[in-house]
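To start, the structure itself, in structure tokens.
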Amino acid sequence: MAFFDDLQKNLSSVGKQAAEKAKDVADITVKTAQLHTEKQKLEECYARIGQRFYEATKDVPAEMDLVDFNEVEARLSAMKVLEDEIQQLRGKKPCPNCGEMVDKESNYCNHCGTSI
């Protein structure tokens with residue numbers, strides 16, 4: 001009988017250890033996800049600060065920021081070209097007056113009423 005009592009105690013102990021390990025793994029997973037979320041929010045915050053700084057100083061950038069500012073302008077221009085190309089593929093064109101996208105077949109701009 002002592003054998004079975006010892007076996008039961010050992011199995012019970014192993015079960016408790018396994019449950020504790022599983023709980024630890026679950027806690028680590030939750031904390032890792034929370035850490036990832038916090039890092040992502042921090043990066044978004046840095047991006048907003050950087051964007052505000054760029055907007056506030058783009059007309060007179062510091063010497064050390066000039067290269068990055070020029071790259072921002074180049075990327076914004078490239079993005080505008082790509083957005084326009086996508087709109088053209090979707091059958092849209094920019095209004096010559098306000099720049100809003102309208103159907104290629106439109107005779108008037110839906111936004112400002114200009115004849116196209």
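Residue names in the structure tokens use chain letters A, B, ... in the order shown, residue numbers from 1 in each chain, and ligand numbers from 1 in the order shown.
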Among chain A, which residues carry a DSSP assignment of helix (DSSP H, G or I), reported as JSON, numbers by chain?
{"A": [2, 3, 4, 5, 6, 7, 8, 9, 10, 11, 12, 13, 14, 15, 16, 17, 18, 19, 20, 21, 22, 23, 24, 25, 26, 27, 28, 29, 30, 31, 32, 33, 34, 35, 36, 37, 38, 39, 40, 41, 42, 43, 44, 45, 46, 47, 48, 49, 50, 51, 52, 53, 54, 55, 56, 57, 63, 64, 65, 66, 67, 68, 69, 70, 71, 72, 73, 74, 75, 76, 77, 78, 79, 80, 81, 82, 83, 84, 85, 86, 87, 88, 89]}
DSSP-assigned strand (DSSP E) among chain A, expressed as a list in words
Lys92, Lys93, Pro94, Met101, Val102 and Asp103 of chain A
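Excluding Pro96 of chain A itself and same-chain residues fewer than 5 positions from it, the residues having an atom within 12 Å of it are Met101, Val102, Asn107, Tyr108, Cys109, His111, Cys112, Gly113, Thr114, Ser115 and Ile116 of chain A, counting only C-alpha atoms.
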Shell around segment 78-89 of chain A at 10 Å using only C-alpha atoms, local window under 5 positions removed, as a list in words
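These residues fall inside the cut-off: Val72, Glu73, Pro94, Met101, Val102, Asp103 and Lys104 of chain A.
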Would you put the residues from that selection into a file with all heavy atoms, as a PDB file, in the first residue's frame?
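Full text of again_25.pdb as output:
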```pdb
ATOM      1  N   VAL A  72      11.983  62.623 -46.676  1.00  0.00           N
ATOM      2  CA  VAL A  72      10.540  62.672 -46.403  1.00  0.00           C
ATOM      3  C   VAL A  72       9.819  63.286 -47.596  1.00  0.00           C
ATOM      4  O   VAL A  72       8.805  62.755 -48.072  1.00  0.00           O
ATOM      5  CB  VAL A  72      10.244  63.476 -45.116  1.00  0.00           C
ATOM      6  CG1 VAL A  72       8.762  63.807 -45.011  1.00  0.00           C
ATOM      7  CG2 VAL A  72      10.685  62.701 -43.888  1.00  0.00           C
ATOM      8  N   GLU A  73      10.318  64.398 -48.103  1.00  0.00           N
ATOM      9  CA  GLU A  73       9.682  65.052 -49.251  1.00  0.00           C
ATOM     10  C   GLU A  73       9.674  64.136 -50.470  1.00  0.00           C
ATOM     11  O   GLU A  73       8.665  64.050 -51.184  1.00  0.00           O
ATOM     12  CB  GLU A  73      10.401  66.368 -49.580  1.00  0.00           C
ATOM     13  CG  GLU A  73      10.154  67.466 -48.576  1.00  0.00           C
ATOM     14  CD  GLU A  73       8.687  67.863 -48.458  1.00  0.00           C
ATOM     15  OE1 GLU A  73       7.975  67.904 -49.478  1.00  0.00           O
ATOM     16  OE2 GLU A  73       8.244  68.116 -47.329  1.00  0.00           O
ATOM     17  N   PRO A  94      -8.054  63.580 -61.205  1.00  0.00           N
ATOM     18  CA  PRO A  94      -8.146  64.720 -60.289  1.00  0.00           C
ATOM     19  C   PRO A  94      -8.879  65.894 -60.926  1.00  0.00           C
ATOM     20  O   PRO A  94      -8.738  66.166 -62.115  1.00  0.00           O
ATOM     21  CB  PRO A  94      -6.677  65.075 -60.019  1.00  0.00           C
ATOM     22  CG  PRO A  94      -5.939  64.585 -61.202  1.00  0.00           C
ATOM     23  CD  PRO A  94      -6.707  63.390 -61.721  1.00  0.00           C
ATOM     24  N   MET A 101     -10.516  63.564 -56.382  1.00  0.00           N
ATOM     25  CA  MET A 101     -10.655  62.558 -57.423  1.00  0.00           C
ATOM     26  C   MET A 101     -12.125  62.411 -57.811  1.00  0.00           C
ATOM     27  O   MET A 101     -12.994  62.319 -56.942  1.00  0.00           O
ATOM     28  CB  MET A 101     -10.094  61.221 -56.947  1.00  0.00           C
ATOM     29  CG  MET A 101      -8.611  61.270 -56.585  1.00  0.00           C
ATOM     30  SD  MET A 101      -7.543  61.925 -57.872  1.00  0.00           S
ATOM     31  CE  MET A 101      -7.414  60.536 -58.943  1.00  0.00           C
ATOM     32  N   VAL A 102     -12.388  62.419 -59.128  1.00  0.00           N
ATOM     33  CA  VAL A 102     -13.746  62.244 -59.659  1.00  0.00           C
ATOM     34  C   VAL A 102     -13.689  61.183 -60.751  1.00  0.00           C
ATOM     35  O   VAL A 102     -12.617  60.857 -61.264  1.00  0.00           O
ATOM     36  CB  VAL A 102     -14.313  63.572 -60.229  1.00  0.00           C
ATOM     37  CG1 VAL A 102     -14.468  64.606 -59.134  1.00  0.00           C
ATOM     38  CG2 VAL A 102     -13.441  64.109 -61.337  1.00  0.00           C
ATOM     39  N   ASP A 103     -14.848  60.625 -61.122  1.00  0.00           N
ATOM     40  CA  ASP A 103     -14.901  59.636 -62.194  1.00  0.00           C
ATOM     41  C   ASP A 103     -14.384  60.244 -63.491  1.00  0.00           C
ATOM     42  O   ASP A 103     -14.616  61.418 -63.775  1.00  0.00           O
ATOM     43  CB  ASP A 103     -16.334  59.138 -62.403  1.00  0.00           C
ATOM     44  CG  ASP A 103     -16.811  58.273 -61.252  1.00  0.00           C
ATOM     45  OD1 ASP A 103     -15.955  57.651 -60.587  1.00  0.00           O
ATOM     46  OD2 ASP A 103     -18.035  58.227 -61.012  1.00  0.00           O
ATOM     47  N   LYS A 104     -13.683  59.423 -64.283  1.00  0.00           N
ATOM     48  CA  LYS A 104     -13.128  59.906 -65.556  1.00  0.00           C
ATOM     49  C   LYS A 104     -14.212  60.446 -66.482  1.00  0.00           C
ATOM     50  O   LYS A 104     -13.981  61.373 -67.241  1.00  0.00           O
ATOM     51  CB  LYS A 104     -12.371  58.775 -66.272  1.00  0.00           C
ATOM     52  CG  LYS A 104     -11.017  58.501 -65.714  1.00  0.00           C
ATOM     53  CD  LYS A 104     -10.304  57.439 -66.537  1.00  0.00           C
ATOM     54  CE  LYS A 104      -8.945  57.150 -65.941  1.00  0.00           C
ATOM     55  NZ  LYS A 104      -8.224  56.113 -66.681  1.00  0.00           N
TER      56      LYS A 104
END
```
Between atom CA of Leu66 of chain A and atom CA of Lys41 of chain A, what is the distance, to one decimal in Å?
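The value is 27.0 Å.
The coordinates place atom CA of Gln34 of chain A at 28.5 Å from atom CA of Gly15 of chain A.
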